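Visitor: Next up, start_25.txt (compact mmCIF, C-alpha atoms).
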```txt
# COMPACT_ATOMS: atom_id res chain seq x y z
CA MET A 598 83.54 96.93 111.72
CA PRO A 599 79.92 97.09 110.63
CA PHE A 600 78.39 98.69 107.51
CA PRO A 601 79.82 96.00 106.06
CA ARG A 602 83.59 96.11 106.16
CA THR A 603 83.71 93.26 103.67
CA PRO A 604 83.99 94.59 100.10
CA SER A 605 82.00 93.28 97.17
CA PRO A 606 82.95 89.83 95.84
CA ALA A 607 86.51 89.84 94.55
CA PRO A 608 87.22 89.36 90.88
CA SER A 609 88.94 86.25 89.63
CA PRO A 610 92.71 86.40 90.08
CA ASN A 611 94.87 87.35 87.16
CA THR A 612 97.81 85.35 85.91
CA SER A 613 100.24 86.86 88.43
CA ASP A 614 97.91 85.86 91.27
CA THR A 615 98.41 82.17 90.54
CA ALA A 616 102.19 82.22 90.90
CA PRO A 617 103.44 80.15 93.85
CA LEU A 618 104.88 82.00 96.81
CA THR A 619 108.53 81.94 97.75
CA PRO A 620 109.06 80.74 100.41
CA PRO A 621 105.97 78.50 100.47
CA LEU A 622 103.62 78.83 103.41
CA PRO A 623 103.43 75.96 105.87
CA PRO A 624 100.39 73.71 105.44
CA ASN A 625 97.44 73.94 107.79
CA PRO A 626 97.77 71.69 110.85
CA PRO A 627 96.10 68.30 110.40
CA PRO A 628 93.11 67.30 112.52
CA ALA A 629 93.58 65.21 115.64
CA ALA A 630 94.74 61.64 115.10
CA GLY A 631 91.93 59.33 114.07
CA ILE A 632 89.53 62.15 113.16
CA SER A 633 88.87 63.15 109.58
CA PRO A 634 88.55 66.86 108.70
CA LEU A 635 84.83 66.35 108.06
CA GLN A 636 84.36 64.76 111.49
CA ALA A 637 86.29 67.62 113.09
CA LEU A 638 84.08 70.12 111.25
CA ALA A 639 80.92 68.38 112.47
CA GLU A 640 82.19 68.60 116.06
CA ALA A 641 83.11 72.27 115.67
CA LEU A 642 79.62 73.06 114.37
CA HIS A 643 77.95 71.82 117.53
CA GLY A 644 76.71 74.88 119.41
CA HIS A 645 78.62 77.31 117.14
CA PRO A 646 76.89 80.73 117.05
CA GLN A 647 77.50 81.00 113.29
CA ARG A 648 76.49 77.46 112.44
CA ARG A 649 74.05 78.55 109.74
CA GLN A 650 76.69 80.60 107.91
CA ILE A 651 79.20 77.73 108.14
CA GLU A 652 76.63 75.31 106.74
CA ARG A 653 76.00 77.69 103.83
CA ALA A 654 79.74 77.77 103.11
CA VAL A 655 79.87 73.95 103.21
CA VAL A 656 76.91 73.75 100.81
CA SER A 657 78.77 76.07 98.40
CA LEU A 658 81.85 73.82 98.59
CA LEU A 659 79.65 70.78 97.98
CA GLN A 660 78.14 72.40 94.90
CA VAL A 661 81.62 73.14 93.52
CA ALA A 662 82.78 69.61 94.36
CA ARG A 663 79.97 68.16 92.26
CA GLN A 664 81.07 70.18 89.22
CA GLU A 665 84.81 70.77 89.39
CA LYS A 666 87.36 67.96 89.12
CA GLU A 667 90.43 69.89 87.95
CA GLU A 668 93.36 70.49 90.28
CA GLU A 669 93.76 74.18 89.32
CA GLU A 670 90.27 75.13 90.50
CA TRP A 671 90.71 73.38 93.83
CA ARG A 672 94.15 74.89 94.30
CA LEU A 673 92.50 78.32 93.94
CA ILE A 674 89.76 77.49 96.46
CA ALA A 675 92.18 75.97 98.96
CA GLY A 676 94.54 78.94 98.59
CA CYS A 677 91.76 81.47 99.16
CA LEU A 678 90.55 79.71 102.29
CA ALA A 679 94.12 79.39 103.59
CA ASP A 680 94.72 83.13 103.00
CA ILE A 681 91.56 83.98 104.93
CA SER A 682 92.30 81.57 107.78
CA GLU A 683 95.87 82.79 108.29
CA ALA A 684 94.89 86.46 108.07
CA LEU A 685 92.07 86.10 110.59
CA GLU A 686 94.51 84.46 112.99
CA VAL A 687 96.87 87.44 112.76
CA PHE A 688 94.16 90.13 113.06
CA ARG A 689 91.95 88.50 115.68
CA PRO A 690 94.00 89.66 118.72
CA ARG A 691 94.57 93.13 117.22
CA ARG A 692 91.02 94.40 116.86
CA SER A 693 90.98 96.85 119.78
CA ALA A 694 93.28 99.42 118.14
CA ARG A 695 92.50 101.16 114.87
CA LYS A 696 94.88 100.64 111.96
CA ILE A 697 96.18 103.06 109.35
CA SER A 698 97.21 101.58 106.00
CA VAL A 699 100.01 103.39 104.19
CA PHE A 700 100.21 102.87 100.42
CA GLY A 701 102.97 104.14 98.15
CA SER A 702 105.66 103.19 95.66
CA ALA A 703 108.03 100.30 96.32
CA ARG A 704 110.61 102.12 94.18
CA THR A 705 111.00 105.15 96.45
CA ARG A 706 114.62 105.48 97.60
CA ARG A 707 115.58 105.87 101.23
CA ASP A 708 116.83 109.41 100.68
CA ASP A 709 113.63 110.46 98.94
CA PRO A 710 111.42 112.99 100.83
CA CYS A 711 108.49 110.56 100.42
CA TYR A 712 110.39 107.83 102.30
CA LEU A 713 111.19 110.22 105.14
CA LEU A 714 107.58 111.42 105.22
CA ALA A 715 106.33 107.81 105.38
CA GLU A 716 108.56 107.25 108.42
CA ALA A 717 107.26 110.42 110.02
CA VAL A 718 103.56 109.70 109.44
CA ALA A 719 103.96 106.19 110.88
CA ARG A 720 105.69 107.54 113.99
CA GLN A 721 102.93 110.10 114.44
CA ALA A 722 100.28 107.40 113.98
CA VAL A 723 101.82 105.17 116.65
CA GLN A 724 102.12 108.10 119.06
CA ALA A 725 98.41 108.74 118.54
CA GLY A 726 97.61 105.10 119.37
CA PHE A 727 97.18 103.60 115.89
CA GLU A 728 98.86 100.56 114.36
CA VAL A 729 100.35 100.80 110.86
CA MET A 730 99.74 98.41 107.96
CA THR A 731 101.64 98.29 104.68
CA GLY A 732 102.16 95.95 101.77
CA ALA A 733 105.43 94.92 103.48
CA GLY A 734 107.57 95.87 100.50
CA ALA A 735 110.34 98.39 99.94
CA GLY A 736 110.14 102.15 99.37
CA VAL A 737 107.26 103.97 101.05
CA MET A 738 106.11 100.72 102.70
CA GLU A 739 109.53 100.18 104.24
CA GLY A 740 109.62 103.77 105.45
CA ALA A 741 106.26 103.37 107.18
CA ASN A 742 107.24 100.08 108.86
CA SER A 743 110.52 101.65 109.94
CA GLY A 744 108.69 104.57 111.54
CA ALA A 745 106.09 102.37 113.24
CA GLY A 746 108.52 99.78 114.58
CA CYS A 747 107.98 96.06 115.07
CA ASP A 748 105.46 96.32 117.88
CA HIS A 749 103.06 98.42 115.84
CA SER A 750 103.63 97.24 112.23
CA ILE A 751 101.65 94.74 110.20
CA GLY A 752 102.80 93.65 106.74
CA LEU A 753 100.53 92.17 104.08
CA ASN A 754 102.91 90.73 101.53
CA VAL A 755 102.19 89.11 98.18
CA ASP A 756 104.66 87.39 95.90
CA LEU A 757 105.66 89.35 92.79
CA PRO A 758 108.27 88.67 90.10
CA PHE A 759 110.28 91.65 91.42
CA GLU A 760 110.37 94.42 94.07
CA GLN A 761 108.11 92.76 96.64
CA HIS A 762 110.40 91.06 99.12
CA PRO A 763 109.36 91.89 102.69
CA ASN A 764 111.33 94.77 104.14
CA PRO A 765 113.56 94.13 107.19
CA TYR A 766 111.43 96.31 109.47
CA VAL A 767 108.44 93.98 109.27
CA SER A 768 109.99 90.62 108.29
CA ALA A 769 111.59 90.39 111.73
CA CYS A 770 108.31 91.09 113.54
CA ASP A 771 107.02 87.88 115.05
CA GLY A 772 103.46 87.15 113.95
CA ARG A 773 103.02 90.45 112.12
CA LEU A 774 103.92 89.50 108.54
CA LEU A 775 101.36 87.79 106.31
CA TYR A 776 102.12 86.10 102.99
CA PHE A 777 99.09 86.18 100.70
CA ARG A 778 98.80 83.81 97.79
CA TYR A 779 96.43 86.08 95.88
CA PHE A 780 96.09 89.81 95.32
CA PHE A 781 92.34 89.81 95.82
CA THR A 782 92.46 88.18 99.28
CA ARG A 783 95.18 90.66 100.25
CA LYS A 784 93.00 93.56 99.10
CA LEU A 785 90.06 92.10 101.00
CA PHE A 786 91.95 92.29 104.29
CA PHE A 787 93.40 95.71 103.59
CA LEU A 788 89.84 97.02 103.30
CA MET A 789 88.40 94.92 106.11
CA GLU A 790 91.05 95.93 108.63
CA SER A 791 91.86 99.52 107.64
CA ASP A 792 90.36 102.31 109.72
CA ALA A 793 92.20 104.98 107.74
CA LEU A 794 94.16 105.20 104.50
CA VAL A 795 97.24 107.28 103.78
CA VAL A 796 98.18 107.18 100.10
CA MET A 797 101.54 108.53 98.99
CA PRO A 798 102.90 109.01 95.46
CA GLY A 799 103.21 105.75 93.58
CA GLY A 800 102.64 103.93 90.33
CA PHE A 801 99.97 101.61 88.97
CA GLY A 802 99.77 99.48 92.13
CA THR A 803 99.31 102.50 94.39
CA LEU A 804 96.68 104.06 92.13
CA ASP A 805 94.93 100.70 91.87
CA GLU A 806 94.64 100.55 95.67
CA LEU A 807 93.44 104.16 95.78
CA PHE A 808 90.74 103.73 93.13
CA GLU A 809 89.52 100.47 94.64
CA CYS A 810 89.21 102.12 98.05
CA LEU A 811 87.40 105.12 96.57
CA THR A 812 85.02 102.85 94.66
CA LEU A 813 84.12 100.78 97.71
CA ILE A 814 83.64 103.88 99.85
CA GLN A 815 81.61 105.71 97.20
CA THR A 816 79.32 102.73 96.64
CA GLY A 817 78.81 102.07 100.36
CA ARG A 818 80.54 98.69 100.31
CA THR A 819 82.84 99.68 103.15
CA SER A 820 82.29 101.93 106.13
CA PRO A 821 83.25 105.61 105.90
CA ILE A 822 86.93 105.90 106.74
CA PRO A 823 89.36 108.81 106.34
CA LEU A 824 91.47 108.84 103.21
CA VAL A 825 94.50 111.16 103.11
CA LEU A 826 96.53 111.93 99.99
CA LEU A 827 99.97 112.68 101.41
CA SER A 828 102.97 114.12 99.60
CA PRO A 829 105.89 116.25 100.81
CA GLU A 830 105.70 120.04 100.97
CA GLY A 831 106.18 121.42 97.46
CA ASP A 832 105.37 118.12 95.74
CA ASP A 833 102.24 118.67 93.60
CA PHE A 834 101.68 114.96 92.77
CA TRP A 835 98.25 114.81 94.43
CA LYS A 836 97.31 118.39 93.72
CA VAL A 837 97.60 117.75 89.97
CA TRP A 838 95.89 114.35 90.24
CA LYS A 839 92.97 115.70 92.27
CA ARG A 840 92.54 118.71 89.97
CA ASN A 841 92.33 116.39 86.97
CA VAL A 842 89.83 114.15 88.75
CA HIS A 843 87.66 117.14 89.54
CA GLN A 844 87.91 118.69 86.07
CA GLU A 845 87.48 115.51 84.04
CA LEU A 846 85.09 113.54 86.24
CA ALA A 847 83.10 115.93 88.41
CA THR A 848 82.55 118.62 85.77
CA ARG A 849 81.36 115.96 83.30
CA GLY A 850 78.92 114.61 85.85
CA LEU A 851 80.71 111.23 86.05
CA ILE A 852 80.98 111.59 89.83
CA SER A 853 79.04 113.78 92.25
CA PRO A 854 80.68 117.16 93.00
CA GLU A 855 80.93 116.27 96.71
CA ASP A 856 82.77 113.01 95.96
CA VAL A 857 86.01 114.96 95.99
CA ASP A 858 85.40 115.29 99.75
CA LEU A 859 85.94 111.55 100.18
CA MET A 860 89.64 112.43 100.42
CA VAL A 861 91.79 115.22 101.76
CA GLU A 862 95.29 116.37 100.91
CA ALA A 863 98.12 116.82 103.42
CA SER A 864 101.79 117.75 103.16
CA THR A 865 102.96 116.93 106.70
CA ALA A 866 102.73 113.88 108.93
CA GLU A 867 101.13 115.97 111.67
CA ALA A 868 98.34 117.18 109.38
CA ALA A 869 97.63 113.68 108.06
CA VAL A 870 97.31 112.10 111.51
CA ALA A 871 95.38 115.09 112.88
CA HIS A 872 92.77 114.63 110.14
CA ILE A 873 92.44 110.91 110.95
CA CYS A 874 92.09 111.60 114.67
CA ARG A 875 89.45 114.24 113.99
CA PHE A 876 87.49 111.80 111.81
CA TYR A 877 87.00 109.56 114.87
CA ARG A 878 86.48 112.32 117.45
CA VAL A 879 82.67 112.01 117.60
CA PHE A 880 82.04 109.46 114.83
CA HIS A 881 82.88 105.88 115.86
CA SER A 882 81.59 103.61 113.08
CA ALA A 883 78.58 103.01 110.87
CA GLN A 884 76.05 100.27 110.35
CA LEU A 885 74.06 100.05 107.15
CA GLY A 886 70.61 98.50 107.29
CA GLN A 887 68.24 97.82 104.43
CA ASP A 888 66.47 101.15 104.81
CA ARG A 889 68.71 103.32 106.97
CA ILE A 890 72.21 104.01 108.21
CA GLU A 891 73.19 104.22 111.88
CA LEU A 892 76.13 106.43 112.73
CA LEU A 893 77.52 105.11 116.02
CA LEU A 894 79.09 107.88 118.09
CA ASN A 895 81.60 108.37 120.87
CA ALA A 896 79.35 110.93 122.54
CA GLU A 897 75.69 111.81 122.45
CA VAL A 898 74.53 114.63 120.19
CA PRO A 899 72.08 116.85 122.13
CA ARG A 900 68.53 116.67 120.82
CA ASP A 901 68.30 120.44 120.58
CA LEU A 902 70.86 120.29 117.73
CA LEU A 903 68.65 118.05 115.58
CA PRO A 904 66.61 120.86 113.95
CA GLU A 905 69.80 122.54 112.71
CA LEU A 906 71.26 119.23 111.50
CA ASN A 907 68.06 118.43 109.62
CA ARG A 908 67.97 121.89 108.06
CA ARG A 909 71.62 121.92 107.00
CA PHE A 910 71.70 118.35 105.68
CA ALA A 911 68.16 117.98 104.32
CA ASP A 912 69.61 117.21 100.87
CA LEU A 913 71.39 114.17 102.31
CA LEU A 914 68.11 112.51 103.27
CA GLU A 915 66.13 110.27 100.96
CA GLU A 916 63.13 110.69 103.25
CA GLY A 917 62.29 111.35 106.90
CA ALA A 918 64.61 113.11 109.30
CA ILE A 919 67.84 112.63 111.26
CA GLN A 920 66.97 111.06 114.60
CA THR A 921 68.86 110.13 117.77
CA GLY A 922 68.92 106.66 119.25
CA GLU A 923 71.19 103.90 120.52
CA GLY A 924 73.04 101.17 118.67
CA VAL A 925 75.36 98.28 119.42
CA ASP A 926 78.85 98.24 117.92
CA ASP A 927 80.87 95.23 116.75
CA ASN A 928 82.06 94.57 120.30
CA GLY A 929 78.58 94.48 121.78
CA LEU A 930 78.90 97.91 123.39
CA LEU A 931 75.91 100.23 123.52
CA ARG A 932 76.60 103.58 121.87
CA PRO A 933 74.61 106.74 121.14
CA CYS A 934 73.82 107.01 117.46
CA LEU A 935 72.13 109.05 114.78
CA TRP A 936 70.06 107.25 112.22
CA LEU A 937 68.76 108.45 108.91
CA ARG A 938 67.49 107.28 105.57
CA PHE A 939 70.08 108.82 103.30
CA ASP A 940 70.50 108.95 99.56
CA LYS A 941 73.13 106.24 98.95
CA ARG A 942 74.37 108.16 95.91
CA ARG A 943 75.47 110.99 98.23
CA VAL A 944 78.31 109.35 100.16
CA GLY A 945 80.45 112.44 99.64
CA ARG A 946 77.73 114.48 101.33
CA LEU A 947 77.68 111.89 104.15
CA TYR A 948 81.39 112.61 104.67
CA GLN A 949 80.55 116.30 105.00
CA PHE A 950 77.94 115.39 107.61
CA ILE A 951 80.46 113.31 109.58
CA ASP A 952 82.95 116.18 109.42
CA HIS A 953 80.30 118.52 110.81
CA LEU A 954 79.55 116.11 113.68
CA ASN A 955 83.24 115.84 114.53
CA GLY A 956 83.42 119.63 114.82
CA LEU A 957 80.56 119.92 117.33
CA ASP A 958 81.38 121.56 120.64
CA LEU A 959 80.43 118.71 122.99
CA PRO A 960 81.25 118.29 126.70
CA ALA A 961 84.70 116.79 127.25
CA SER A 962 84.75 113.04 127.90
CA PRO A 963 87.33 110.22 127.74
CA ALA A 964 85.57 108.75 124.69
CA LEU A 965 86.33 111.91 122.69
CA GLU A 966 90.00 111.87 123.68
CA HIS A 967 90.98 108.43 122.36
CA PRO A 968 90.11 108.33 118.65
CA ALA A 969 92.52 105.45 117.97
CA GLU A 970 90.67 103.07 120.30
CA ARG A 971 87.90 100.99 118.77
CA VAL A 972 87.15 99.55 122.23
CA PRO A 973 87.35 101.76 125.36
CA SER A 974 90.18 100.90 127.73
CA VAL A 975 89.28 99.49 131.13
CA SER A 976 90.39 102.72 132.79
CA GLN A 977 87.69 104.72 131.01
CA PRO A 978 84.34 105.03 132.76
```
Kindly present the structure from the file in structure tokens form.

Guide:
Amino acid sequence: MPFPRTPSPAPSPNTSDTAPLTPPLPPNPPPAAGISPLQALAEALHGHPQRRQIERAVVSLLQVARQEKEEEEWRLIAGCLADISEALEVFRPRRSARKISVFGSARTRRDDPCYLLAEAVARQAVQAGFEVMTGAGAGVMEGANSGAGCDHSIGLNVDLPFEQHPNPYVSACDGRLLYFRYFFTRKLFFLMESDALVVMPGGFGTLDELFECLTLIQTGRTSPIPLVLLSPEGDDFWKVWKRNVHQELATRGLISPEDVDLMVEASTAEAAVAHICRFYRVFHSAQLGQDRIELLLNAEVPRDLLPELNRRFADLLEEGAIQTGEGVDDNGLLRPCLWLRFDKRRVGRLYQFIDHLNGLDLPASPALEHPAERVPSVSQP
């Protein structure tokens, strides 16, 4: 996903990040007999479209090799690269469908309304064409994997001293459970691969995921994606939290007033998934350039609507005007787009703009009817 899906550089791991996994992950396969890893790398570089980026990565490793001789530092580097390699292998064949990540407490019991709601939202997501990602643990995560089923679940596990054994609904799914050595590489892939976030009541870990996602969205380090705060009917967990955020942060000027629109509340599975589907009705993805943002679309916005868009969202623009054009998505497909030079401090206002686009009365087309598909199916014209 463009605009870049990769978050800002991850912080150094904390003490719990360096704990070995149980069970240990199998080592990477060795190179072919008689060929050293460096020889194999040189052969792989020949004609590679990303040769320059690979060479930059090798130069960085060389610089570290000249300075660092301790085993602990190299264990960290090797573990990070192994996490990335294994995760890319799992996600590479699953890029055509959008993914919804469900966060929530690992301590939620199976008879808790939150567990049942996690099952329901995952079932609804799968019916709408999405895949479901969780942290692979118990509680809300288990409920979501149970609702999604093996064929549509992905688990991103990390070893913890307690409460983070993979749940049975994802541990039995062949090729769909990842063991991460470090928290920060796990978070990296949650943000890289998530097309929507559903956050349910939880403790420090859940709120940590929520605030990290909000920070990366607000600062433009990840593409605009829908974020739903979901709790059962009558449960005011998010209502109280959001009211406090608004009163203590927005009213003090610590965030922009429209930043509260980076997230929505829902109390039913149907409402949560409906919001996510609507987010991708007209909007497809975004690409951020040095001086402008391109909003790639599923359908063309008529030119005669531009004057109204420019009038209504003039405060979003840093300069110039909203214009129509064409752009190329991550899969090399040509798409209609809108481009604008927008005030990067107004991401909440950008969300309001995307919501307005998704509500436009445009002619029916297959592209508008499959919000869960990142790549059009072969049956679509």

Visitor: Rounded to one decimal, what separation in Å do you get between atom CA of Asp832 of chain A and atom CA of Ser864 of chain A?

Guide: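 According to the coordinates, atom CA of Asp832 of chain A and atom CA of Ser864 of chain A are separated by 8.2 Å.
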
Visitor: Could the residues of segment 651-711 of chain A that have an atom at most 10 Å from segment 775-789 of chain A be listed as JSON lines, each with its closest atom pair and the distance in Å to one decimal, counting only C-alpha atoms and ordered by chain and ascending residue number?

Guide:
```
{"residue": "A:Leu673", "atom": "CA", "partner": "A:Tyr779", "partner_atom": "CA", "distance": 8.9}
{"residue": "A:Gly676", "atom": "CA", "partner": "A:Arg778", "partner_atom": "CA", "distance": 6.5}
{"residue": "A:Cys677", "atom": "CA", "partner": "A:Thr782", "partner_atom": "CA", "distance": 6.7}
{"residue": "A:Leu678", "atom": "CA", "partner": "A:Thr782", "partner_atom": "CA", "distance": 9.2}
{"residue": "A:Ala679", "atom": "CA", "partner": "A:Arg778", "partner_atom": "CA", "distance": 8.7}
{"residue": "A:Asp680", "atom": "CA", "partner": "A:Phe777", "partner_atom": "CA", "distance": 5.8}
{"residue": "A:Ile681", "atom": "CA", "partner": "A:Thr782", "partner_atom": "CA", "distance": 7.1}
{"residue": "A:Glu683", "atom": "CA", "partner": "A:Leu775", "partner_atom": "CA", "distance": 7.7}
{"residue": "A:Ala684", "atom": "CA", "partner": "A:Leu775", "partner_atom": "CA", "distance": 6.8}
{"residue": "A:Leu685", "atom": "CA", "partner": "A:Phe786", "partner_atom": "CA", "distance": 8.8}
{"residue": "A:Val687", "atom": "CA", "partner": "A:Leu775", "partner_atom": "CA", "distance": 7.9}
{"residue": "A:Phe688", "atom": "CA", "partner": "A:Phe786", "partner_atom": "CA", "distance": 9.3}
{"residue": "A:Lys696", "atom": "CA", "partner": "A:Phe787", "partner_atom": "CA", "distance": 9.8}
{"residue": "A:Ile697", "atom": "CA", "partner": "A:Phe787", "partner_atom": "CA", "distance": 9.7}
{"residue": "A:Ser698", "atom": "CA", "partner": "A:Phe787", "partner_atom": "CA", "distance": 7.4}
```

Visitor: I'd like to know which of A:Ser882, A:Gln660, A:Val718, A:Asn764 is closest to Val825 of chain A, using only C-alpha atoms.

Guide: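 Smallest distance to Val825 of chain A is found for A:Val718.
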
Visitor: Write out as number ranges by chain the residues lying within 9 Å of Arg900 of chain A, counting only C-alpha atoms and excluding same-chain residues fewer than 3 positions away.

Guide: A: 897, 903-904, 920-921

Visitor: Which residues are close to segment 926-930 of chain A, i.e. within 10 Å by all atoms listed in the file, leaving aside same-chain residues fewer than 6 positions away? Reply as a list in words.

Guide: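 Listed by chain and then number, they are Met598, Pro599, Arg692, Ser693, His881, Ser882, Ala883, Gln884, Leu893, Leu894, Arg971, Val972 and Pro973 of chain A.
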
Visitor: Grab the residues selected above and save them as a PDB file, in the frame of the given file with C-alpha atoms.

Guide:
```
ATOM      1  CA  MET A 598      83.540  96.930 111.720  1.00  0.00           C
ATOM      2  CA  PRO A 599      79.920  97.090 110.630  1.00  0.00           C
ATOM      3  CA  ARG A 692      91.020  94.400 116.860  1.00  0.00           C
ATOM      4  CA  SER A 693      90.980  96.850 119.780  1.00  0.00           C
ATOM      5  CA  HIS A 881      82.880 105.880 115.860  1.00  0.00           C
ATOM      6  CA  SER A 882      81.590 103.610 113.080  1.00  0.00           C
ATOM      7  CA  ALA A 883      78.580 103.010 110.870  1.00  0.00           C
ATOM      8  CA  GLN A 884      76.050 100.270 110.350  1.00  0.00           C
ATOM      9  CA  LEU A 893      77.520 105.110 116.020  1.00  0.00           C
ATOM     10  CA  LEU A 894      79.090 107.880 118.090  1.00  0.00           C
ATOM     11  CA  ARG A 971      87.900 100.990 118.770  1.00  0.00           C
ATOM     12  CA  VAL A 972      87.150  99.550 122.230  1.00  0.00           C
ATOM     13  CA  PRO A 973      87.350 101.760 125.360  1.00  0.00           C
TER      14      PRO A 973
END
```

Visitor: Looking at all atoms listed in the file, which of A:Met738, A:Leu826, A:Val870, A:Leu947 is the one that sits closest to Ala715 of chain A?

Guide: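 Closest to Ala715 of chain A, using all atoms listed in the file: A:Met738.
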
Visitor: Please compute the atom CA of Asn895 of chain A-atom CA of Tyr877 of chain A distance, one decimal, in Å.

Guide: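 Distance between the two atoms: 8.2 Å.
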
Visitor: Can you tell me, as a PyMOL selection string, what residues are no more than 12 Å from segment 948-953 of chain A when counting all atoms listed in the file, ignoring any on the same chain fewer than 6 positions away?

Guide: chain A and resi 814-815+817+820-824+855-861+872-883+891-894+898+902+905-914+919+935+937+939+941

Visitor: When you draw a straight line from atom CA of Ala961 of chain A to atom CA of Ala871 of chain A, how long is it in Å?

Guide: 18.0 Å

Visitor: With distances taken over all atoms listed in the file, which residue among A:Arg773, A:His762, A:Arg704, A:Arg840 lies nearest Pro798 of chain A?

Guide: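 Residue with the minimum atom-to-atom distance to Pro798 of chain A: A:Arg704.
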
Visitor: I want to know what sits within 9 Å of Glu806 of chain A, based on only C-alpha atoms, with residues of the same chain fewer than 4 positions away left out; could you give that as a count of residues only?

Guide: 7

Visitor: Closest to Leu807 of chain A among A:Ala918, A:Ala637, A:Ala725, A:Val699, using all atoms listed in the file?

Guide: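 Closest candidate: A:Val699.
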
Visitor: Quick one: everything within 12 Å of segment 653-659 of chain A, counting all atoms listed in the file, minus sequence neighbours fewer than 4 positions away in the same chain. Send it as a ChimeraX atom specification.

Guide: /A:635,638-639,642,647-649,663-665,670-671,674-675,678

Visitor: Point out the residue among A:Val944, A:Ala745, A:Ala641, A:Ala964 with the least atom-to-atom distance to Arg932 of chain A, counting only C-alpha atoms.

Guide: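 Closest to Arg932 of chain A, using only C-alpha atoms: A:Ala964.
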
Visitor: With the input short on atoms, add N, CA and C atoms back to segment 869-886 of chain A and write it as an mmCIF file, keeping the file's coordinate frame.

Guide:
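Written file, rebuild-v3.cif:
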```cif
data_model
loop_
_atom_site.group_PDB
_atom_site.id
_atom_site.type_symbol
_atom_site.label_atom_id
_atom_site.label_comp_id
_atom_site.auth_asym_id
_atom_site.auth_seq_id
_atom_site.Cartn_x
_atom_site.Cartn_y
_atom_site.Cartn_z
ATOM 1 N N ALA A 869 98.279 114.924 108.465
ATOM 2 C CA ALA A 869 97.630 113.680 108.060
ATOM 3 C C ALA A 869 97.015 112.969 109.266
ATOM 4 N N VAL A 870 97.795 112.812 110.333
ATOM 5 C CA VAL A 870 97.310 112.100 111.510
ATOM 6 C C VAL A 870 96.244 112.926 112.240
ATOM 7 N N ALA A 871 96.391 114.238 112.244
ATOM 8 C CA ALA A 871 95.380 115.090 112.880
ATOM 9 C C ALA A 871 94.027 114.928 112.184
ATOM 10 N N HIS A 872 94.037 114.829 110.860
ATOM 11 C CA HIS A 872 92.770 114.630 110.140
ATOM 12 C C HIS A 872 92.139 113.292 110.519
ATOM 13 N N ILE A 873 92.964 112.243 110.601
ATOM 14 C CA ILE A 873 92.440 110.910 110.950
ATOM 15 C C ILE A 873 91.874 110.915 112.365
ATOM 16 N N CYS A 874 92.586 111.530 113.301
ATOM 17 C CA CYS A 874 92.090 111.600 114.670
ATOM 18 C C CYS A 874 90.771 112.369 114.735
ATOM 19 N N ARG A 875 90.682 113.453 113.991
ATOM 20 C CA ARG A 875 89.450 114.240 113.990
ATOM 21 C C ARG A 875 88.283 113.423 113.435
ATOM 22 N N PHE A 876 88.547 112.593 112.430
ATOM 23 C CA PHE A 876 87.490 111.800 111.810
ATOM 24 C C PHE A 876 86.795 110.900 112.838
ATOM 25 N N TYR A 877 87.552 110.453 113.846
ATOM 26 C CA TYR A 877 87.000 109.560 114.870
ATOM 27 C C TYR A 877 86.781 110.270 116.201
ATOM 28 N N ARG A 878 86.707 111.592 116.193
ATOM 29 C CA ARG A 878 86.480 112.320 117.450
ATOM 30 C C ARG A 878 85.076 112.026 117.981
ATOM 31 N N VAL A 879 84.051 112.301 117.206
ATOM 32 C CA VAL A 879 82.670 112.010 117.600
ATOM 33 C C VAL A 879 82.166 110.753 116.894
ATOM 34 N N PHE A 880 82.431 110.641 115.604
ATOM 35 C CA PHE A 880 82.040 109.460 114.830
ATOM 36 C C PHE A 880 82.857 108.252 115.270
ATOM 37 N N HIS A 881 82.184 107.122 115.497
ATOM 38 C CA HIS A 881 82.880 105.880 115.860
ATOM 39 C C HIS A 881 82.883 104.886 114.706
ATOM 40 N N SER A 882 81.716 104.577 114.165
ATOM 41 C CA SER A 882 81.590 103.610 113.080
ATOM 42 C C SER A 882 80.184 103.734 112.506
ATOM 43 N N ALA A 883 79.890 102.927 111.515
ATOM 44 C CA ALA A 883 78.580 103.010 110.870
ATOM 45 C C ALA A 883 78.038 101.613 110.619
ATOM 46 N N GLN A 884 76.734 101.508 110.674
ATOM 47 C CA GLN A 884 76.050 100.270 110.350
ATOM 48 C C GLN A 884 74.982 100.580 109.307
ATOM 49 N N LEU A 885 75.005 99.818 108.240
ATOM 50 C CA LEU A 885 74.060 100.050 107.150
ATOM 51 C C LEU A 885 72.986 98.986 107.180
ATOM 52 N N GLY A 886 71.743 99.408 107.367
ATOM 53 C CA GLY A 886 70.610 98.500 107.290
ATOM 54 C C GLY A 886 69.985 98.563 105.914
#
```
